[in-house]
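Everything below belongs to model_17.txt, which stores compact mmCIF, C-alpha atoms and all ligand atoms.
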```
# COMPACT_ATOMS: atom_id res chain seq x y z
CA MET A 34 -100.04 -34.02 83.63
CA THR A 35 -103.65 -35.05 83.21
CA SER A 36 -104.32 -38.29 81.44
CA SER A 37 -107.22 -36.82 79.48
CA THR A 38 -104.91 -34.61 77.44
CA SER A 39 -101.84 -36.81 77.25
CA LEU A 40 -100.67 -38.73 74.21
CA THR A 41 -99.00 -42.10 74.38
CA GLY A 42 -96.38 -43.88 72.34
CA HIS A 43 -94.04 -46.82 72.30
CA CYS A 44 -91.17 -48.52 70.50
CA ALA A 45 -91.69 -51.15 67.80
CA CYS A 46 -91.77 -54.10 70.24
CA GLY A 47 -93.81 -52.31 72.90
CA ALA A 48 -91.36 -52.79 75.78
CA LEU A 49 -90.64 -49.07 76.09
CA ARG A 50 -93.73 -46.92 76.59
CA TYR A 51 -94.22 -43.27 77.42
CA ARG A 52 -96.81 -40.56 77.63
CA PHE A 53 -96.60 -36.80 77.35
CA ASP A 54 -98.67 -33.65 77.44
CA PRO A 55 -98.74 -32.23 73.90
CA ALA A 56 -100.32 -28.87 74.86
CA SER A 57 -97.13 -26.84 74.40
CA ALA A 58 -95.26 -29.24 72.12
CA VAL A 59 -93.05 -27.79 69.41
CA VAL A 60 -93.13 -30.06 66.38
CA ASP A 61 -90.72 -29.95 63.48
CA TYR A 62 -88.66 -31.91 61.00
CA CYS A 63 -84.94 -32.48 61.39
CA HIS A 64 -82.80 -33.22 58.35
CA CYS A 65 -79.46 -33.43 60.18
CA LYS A 66 -77.03 -36.22 59.41
CA THR A 67 -77.00 -37.44 63.01
CA CYS A 68 -80.77 -37.96 62.93
CA GLN A 69 -80.47 -39.65 59.55
CA ARG A 70 -77.93 -42.12 60.92
CA TRP A 71 -79.74 -42.68 64.19
CA SER A 72 -83.14 -43.29 62.61
CA GLY A 73 -82.00 -44.84 59.36
CA ALA A 74 -84.54 -42.58 57.65
CA PRO A 75 -83.93 -39.64 55.31
CA VAL A 76 -85.78 -37.25 57.62
CA THR A 77 -87.07 -37.33 61.18
CA ALA A 78 -89.87 -35.42 62.86
CA TRP A 79 -89.96 -34.54 66.54
CA ALA A 80 -92.31 -33.28 69.22
CA GLN A 81 -90.38 -31.28 71.80
CA VAL A 82 -91.85 -30.92 75.27
CA ARG A 83 -90.64 -29.80 78.69
CA PRO A 84 -89.11 -32.68 80.70
CA ALA A 85 -91.92 -32.37 83.28
CA GLN A 86 -94.44 -33.11 80.52
CA PHE A 87 -92.89 -36.44 79.56
CA GLU A 88 -92.75 -39.71 81.43
CA ILE A 89 -91.75 -43.28 80.79
CA VAL A 90 -94.56 -45.60 81.84
CA ALA A 91 -93.02 -48.99 80.96
CA GLY A 92 -89.59 -50.35 80.21
CA GLU A 93 -86.25 -48.65 80.44
CA ALA A 94 -84.45 -46.89 77.63
CA LYS A 95 -80.83 -47.32 76.75
CA ALA A 96 -78.98 -44.19 75.72
CA PHE A 97 -75.93 -42.96 74.01
CA GLN A 98 -74.32 -39.55 74.09
CA SER A 99 -74.68 -38.26 70.54
CA SER A 100 -73.09 -34.89 71.28
CA PRO A 101 -71.65 -33.18 74.36
CA LEU A 102 -75.13 -31.98 75.32
CA TYR A 103 -77.56 -34.57 74.02
CA LYS A 104 -78.39 -38.18 74.78
CA ARG A 105 -80.45 -40.30 72.41
CA HIS A 106 -82.62 -42.95 74.02
CA PHE A 107 -83.70 -46.19 72.40
CA CYS A 108 -85.38 -49.47 73.27
CA GLY A 109 -82.82 -52.04 74.39
CA GLU A 110 -85.05 -54.86 73.13
CA CYS A 111 -85.87 -53.77 69.58
CA GLY A 112 -83.53 -50.82 69.03
CA SER A 113 -86.23 -48.29 68.09
CA PRO A 114 -85.06 -44.70 68.51
CA VAL A 115 -87.62 -43.10 70.83
CA TYR A 116 -86.49 -39.84 72.41
CA MET A 117 -83.69 -37.39 73.05
CA SER A 118 -82.72 -35.47 76.17
CA GLY A 119 -80.15 -32.97 77.35
CA GLY A 120 -81.45 -29.60 76.17
CA GLU A 121 -84.34 -27.65 77.62
CA THR A 122 -86.76 -30.12 76.10
CA ILE A 123 -87.31 -33.81 75.55
CA GLY A 124 -87.53 -34.56 71.85
CA ILE A 125 -89.92 -37.39 71.02
CA MET A 126 -89.63 -39.21 67.70
CA LEU A 127 -92.97 -38.55 66.03
CA GLY A 128 -93.09 -41.98 64.42
CA THR A 129 -93.32 -43.63 67.86
CA VAL A 130 -96.41 -41.65 68.95
CA ASP A 131 -99.58 -43.78 68.83
CA ASP A 132 -101.64 -41.00 67.23
CA ALA A 133 -99.54 -38.09 65.99
CA SER A 134 -102.29 -36.66 63.79
CA SER A 135 -102.61 -33.55 65.98
CA LEU A 136 -98.86 -32.92 66.03
CA VAL A 137 -98.33 -30.80 62.95
CA PRO A 138 -94.75 -29.79 62.10
CA ARG A 139 -94.08 -26.05 62.00
CA GLY A 140 -90.65 -25.97 60.36
CA HIS A 141 -87.63 -27.76 58.94
CA GLY A 142 -84.29 -27.75 60.77
CA TRP A 143 -80.85 -28.60 59.38
CA THR A 144 -81.79 -28.38 55.73
CA ALA A 145 -78.05 -28.06 55.04
CA ASP A 146 -78.00 -31.86 55.43
CA GLN A 147 -81.28 -32.53 53.60
CA MET A 148 -81.28 -35.33 51.04
CA PRO A 149 -81.19 -33.45 47.71
CA TRP A 150 -83.98 -35.58 46.21
CA LEU A 151 -86.34 -35.19 49.17
CA LYS A 152 -89.07 -32.71 48.29
CA ILE A 153 -91.57 -31.76 50.97
CA ASP A 154 -94.05 -29.43 49.39
CA ASP A 155 -95.02 -27.11 52.22
CA ARG A 156 -94.46 -23.45 52.98
CA LEU A 157 -93.00 -23.97 56.44
CA PRO A 158 -89.92 -22.03 57.50
CA ARG A 159 -86.58 -23.72 56.88
CA TRP A 160 -83.26 -23.29 58.63
CA ASP A 161 -79.82 -24.46 57.51
CA GLU A 162 -79.05 -25.57 61.07
CA ASP A 163 -80.95 -25.57 64.37
CA ALA A 164 -84.27 -23.77 64.37
CA PRO A 165 -83.95 -20.57 66.43
CA TYR A 166 -86.52 -21.77 68.98
CA ASP A 167 -84.54 -24.92 69.82
CA GLY A 168 -83.18 -24.96 73.36
ZN ZN A 201 -88.80 -52.09 71.82
ZN ZN A 202 -81.35 -33.92 63.79
```
Before anything else, please render the file you have as C-alpha cells.
Amino acid sequence: MTSSTSLTGHCACGALRYRFDPASAVVDYCHCKTCQRWSGAPVTAWAQVRPAQFEIVAGEAKAFQSSPLYKRHFCGECGSPVYMSGGETIGIMLGTVDDASSLVPRGHGWTADQMPWLKIDDRLPRWDEDAPYDG
C-alpha cells in the first residue's frame, strides 16, 4: 500500500485510526437491521476492501461477533463503529473516513429492511438482501 493513494479515517475520539487503499474499493449502502442497530442510524454506507489493503495505524479495536461469519469492530474508548471483518473483505464505515468524497456508493443492499420513510433519490441498483458481489 502506497501512502500517496491511501485514505485515512478514525473513530469519533481519534484513538482508533486506520488507513486503506481505495483503488478497488466497493462502496454501497446497507439498510439491514443489524447495521441499523449497530450504527444507530437508519442507513449505513460502507467501503469494502481486501484485508491486505487495510491497516490499523493507532489504537486497538474491540469487536463482537454479529453473525457466525462476521465481526464488527469499534473503538473501546468512544464506541464508534468503525469496521467489519470475516468475509473476503474488510468493510469500513464510510462515516469514519476523513474524506469520503471519492467513495461513491454503487448500490443499496438489504432494502427489505429499509426504513419505509427513507427516500434516496438515485438510480442505483437495489437488492432485498446482500448485493450479489458481496463476499
Ligand atoms: Zn474512539
Ligand atoms: Zn448491514
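With the cut-off set to 7 Å and all atoms listed in the file counted, the residues surrounding ligand ZN 202 (chain A) are Cys63, His64, Cys65, Lys66, Thr67, Cys68 and Trp143 of chain A.
For the atom pair formed by CA of Gln81 in chain A and CA of Phe53 in chain A, the distance is 10.0 Å, given to one decimal.
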Can you work out the spacing between CA of Ala80 in chain A and CA of Leu127 in chain A in Å, to one decimal?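 Here the two named atoms are 6.2 Å from each other.
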Using all atoms listed in the file, determine which residues fall within 9 Å of ligand ZN 201 (chain A), then list them as a ChimeraX atom specification. /A:43-50,92,94,107-114
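The shortest atom-to-atom distance to Val115 in chain A, with all atoms listed in the file taken into account, belongs to A:Thr129 out of A:Gln147, A:Thr129, A:Ser134, A:Ser100.
Straight-line separation from CA of Gln69 in chain A to CA of Ala164 in chain A: 17.0 Å.
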Pick out the residues sitting within 12 Å of Lys152 in chain A, and hand them over as a tab-separated table (two decimals) with C-alpha atoms, in the frame of the given file; count all atoms listed in the file, and ignore anything fewer than 4 positions along from it in its own chain.
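Result went into around-v1.tsv, see below:
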```
chain	number	residue	atom	x	y	z
A	64	HIS	CA	-82.80	-33.22	58.35
A	75	PRO	CA	-83.93	-39.64	55.31
A	76	VAL	CA	-85.78	-37.25	57.62
A	141	HIS	CA	-87.63	-27.76	58.94
A	144	THR	CA	-81.79	-28.38	55.73
A	147	GLN	CA	-81.28	-32.53	53.60
A	148	MET	CA	-81.28	-35.33	51.04
A	156	ARG	CA	-94.46	-23.45	52.98
```
Could you check which of A:Asp61, A:Asp146, A:Asp167, A:Glu88 is closest to Leu40 in chain A, using only C-alpha atoms? A:Glu88
Report the centre and edge lengths, in Å to one decimal, of an axis-aligned box enclosing every atom of range 44-59 of chain A listed in the file, padded by 5 Å on each side, as lines of an AutoDock Vina configuration file.
```
center_x = -95.5
center_y = -40.5
center_z = 72.7
size_x = 19.7
size_y = 37.3
size_z = 19.8
```
Write only C-alpha atoms for range 43-144 of chain A from the block just shown, as an mmCIF file, in the first residue's frame.
```cif
data_model
loop_
_atom_site.group_PDB
_atom_site.id
_atom_site.type_symbol
_atom_site.label_atom_id
_atom_site.label_comp_id
_atom_site.auth_asym_id
_atom_site.auth_seq_id
_atom_site.Cartn_x
_atom_site.Cartn_y
_atom_site.Cartn_z
ATOM 1 C CA HIS A 43 -10.706 7.382 12.615
ATOM 2 C CA CYS A 44 -13.343 6.988 15.303
ATOM 3 C CA ALA A 45 -15.057 9.959 16.960
ATOM 4 C CA CYS A 46 -12.441 10.335 19.737
ATOM 5 C CA GLY A 47 -9.444 9.666 17.482
ATOM 6 C CA ALA A 48 -7.990 6.765 19.487
ATOM 7 C CA LEU A 49 -8.625 4.236 16.715
ATOM 8 C CA ARG A 50 -7.083 5.173 13.368
ATOM 9 C CA TYR A 51 -6.693 3.318 10.101
ATOM 10 C CA ARG A 52 -5.726 3.751 6.507
ATOM 11 C CA PHE A 53 -6.646 1.859 3.366
ATOM 12 C CA ASP A 54 -6.090 1.744 -0.359
ATOM 13 C CA PRO A 55 -9.367 2.762 -2.034
ATOM 14 C CA ALA A 56 -8.320 1.781 -5.583
ATOM 15 C CA SER A 57 -10.505 -1.326 -5.750
ATOM 16 C CA ALA A 58 -12.991 -0.422 -3.028
ATOM 17 C CA VAL A 59 -16.602 -1.467 -3.463
ATOM 18 C CA VAL A 60 -18.868 1.160 -1.933
ATOM 19 C CA ASP A 61 -22.526 0.719 -1.140
ATOM 20 C CA TYR A 62 -25.344 1.371 1.278
ATOM 21 C CA CYS A 63 -26.643 -1.227 3.702
ATOM 22 C CA HIS A 64 -30.168 -0.980 5.055
ATOM 23 C CA CYS A 65 -30.085 -4.165 7.146
ATOM 24 C CA LYS A 66 -31.453 -4.173 10.677
ATOM 25 C CA THR A 67 -28.137 -5.291 12.164
ATOM 26 C CA CYS A 68 -26.385 -2.259 10.675
ATOM 27 C CA GLN A 69 -29.217 -0.027 11.866
ATOM 28 C CA ARG A 70 -28.813 -1.293 15.431
ATOM 29 C CA TRP A 71 -25.040 -1.243 15.377
ATOM 30 C CA SER A 72 -24.751 2.274 13.981
ATOM 31 C CA GLY A 73 -27.878 3.752 15.498
ATOM 32 C CA ALA A 74 -28.547 5.286 12.080
ATOM 33 C CA PRO A 75 -31.321 4.481 9.595
ATOM 34 C CA VAL A 76 -28.818 3.539 6.895
ATOM 35 C CA THR A 77 -25.096 2.835 6.728
ATOM 36 C CA ALA A 78 -22.627 3.129 3.882
ATOM 37 C CA TRP A 79 -19.506 1.014 3.517
ATOM 38 C CA ALA A 80 -16.275 0.826 1.573
ATOM 39 C CA GLN A 81 -15.222 -2.799 1.154
ATOM 40 C CA VAL A 82 -11.565 -3.549 0.514
ATOM 41 C CA ARG A 83 -9.305 -6.601 0.588
ATOM 42 C CA PRO A 84 -7.823 -7.224 4.053
ATOM 43 C CA ALA A 85 -4.313 -6.553 2.671
ATOM 44 C CA GLN A 86 -5.441 -3.053 1.690
ATOM 45 C CA PHE A 87 -6.495 -2.064 5.212
ATOM 46 C CA GLU A 88 -4.418 -1.418 8.287
ATOM 47 C CA ILE A 89 -4.895 -0.065 11.766
ATOM 48 C CA VAL A 90 -2.323 2.641 12.448
ATOM 49 C CA ALA A 91 -3.283 3.629 16.012
ATOM 50 C CA GLY A 92 -5.317 2.165 18.827
ATOM 51 C CA GLU A 93 -6.916 -1.215 19.105
ATOM 52 C CA ALA A 94 -10.477 -2.072 18.176
ATOM 53 C CA LYS A 95 -12.857 -4.072 20.280
ATOM 54 C CA ALA A 96 -15.089 -6.490 18.423
ATOM 55 C CA PHE A 97 -18.185 -8.516 18.723
ATOM 56 C CA GLN A 98 -19.375 -11.424 16.639
ATOM 57 C CA SER A 99 -22.511 -10.128 14.939
ATOM 58 C CA SER A 100 -23.114 -13.311 12.951
ATOM 59 C CA PRO A 101 -21.355 -16.670 12.600
ATOM 60 C CA LEU A 102 -19.089 -15.191 9.925
ATOM 61 C CA TYR A 103 -18.705 -11.518 10.742
ATOM 62 C CA LYS A 104 -17.102 -9.472 13.484
ATOM 63 C CA ARG A 105 -17.896 -5.799 13.968
ATOM 64 C CA HIS A 106 -15.083 -3.663 15.324
ATOM 65 C CA PHE A 107 -15.498 -0.491 17.342
ATOM 66 C CA CYS A 108 -13.457 1.949 19.390
ATOM 67 C CA GLY A 109 -13.266 0.840 23.016
ATOM 68 C CA GLU A 110 -12.908 4.461 24.143
ATOM 69 C CA CYS A 111 -15.796 6.195 22.363
ATOM 70 C CA GLY A 112 -17.810 3.287 20.973
ATOM 71 C CA SER A 113 -17.768 4.424 17.333
ATOM 72 C CA PRO A 114 -18.493 1.589 14.914
ATOM 73 C CA VAL A 115 -15.529 1.548 12.525
ATOM 74 C CA TYR A 116 -15.169 -1.642 10.503
ATOM 75 C CA MET A 117 -16.288 -5.200 9.917
ATOM 76 C CA SER A 118 -14.302 -8.333 9.140
ATOM 77 C CA GLY A 119 -14.840 -12.008 8.450
ATOM 78 C CA GLY A 120 -15.789 -12.189 4.782
ATOM 79 C CA GLU A 121 -13.485 -11.747 1.825
ATOM 80 C CA THR A 122 -13.315 -8.036 2.518
ATOM 81 C CA ILE A 123 -12.978 -5.535 5.316
ATOM 82 C CA GLY A 124 -15.987 -3.252 5.407
ATOM 83 C CA ILE A 125 -15.172 0.286 6.506
ATOM 84 C CA MET A 126 -17.927 2.557 7.813
ATOM 85 C CA LEU A 127 -17.939 5.440 5.354
ATOM 86 C CA GLY A 128 -18.769 7.999 8.023
ATOM 87 C CA THR A 129 -15.409 7.363 9.729
ATOM 88 C CA VAL A 130 -13.328 8.105 6.601
ATOM 89 C CA ASP A 131 -11.638 11.524 6.794
ATOM 90 C CA ASP A 132 -12.510 12.392 3.183
ATOM 91 C CA ALA A 133 -15.013 10.006 1.625
ATOM 92 C CA SER A 134 -15.878 12.327 -1.258
ATOM 93 C CA SER A 135 -14.291 9.973 -3.811
ATOM 94 C CA LEU A 136 -16.082 6.910 -2.440
ATOM 95 C CA VAL A 137 -19.345 6.922 -4.347
ATOM 96 C CA PRO A 138 -21.892 4.221 -3.489
ATOM 97 C CA ARG A 139 -22.869 1.918 -6.354
ATOM 98 C CA GLY A 140 -25.898 0.167 -4.873
ATOM 99 C CA HIS A 141 -28.259 -0.474 -1.983
ATOM 100 C CA GLY A 142 -28.204 -3.767 -0.080
ATOM 101 C CA TRP A 143 -30.878 -5.187 2.225
ATOM 102 C CA THR A 144 -33.672 -2.887 1.124
#
```
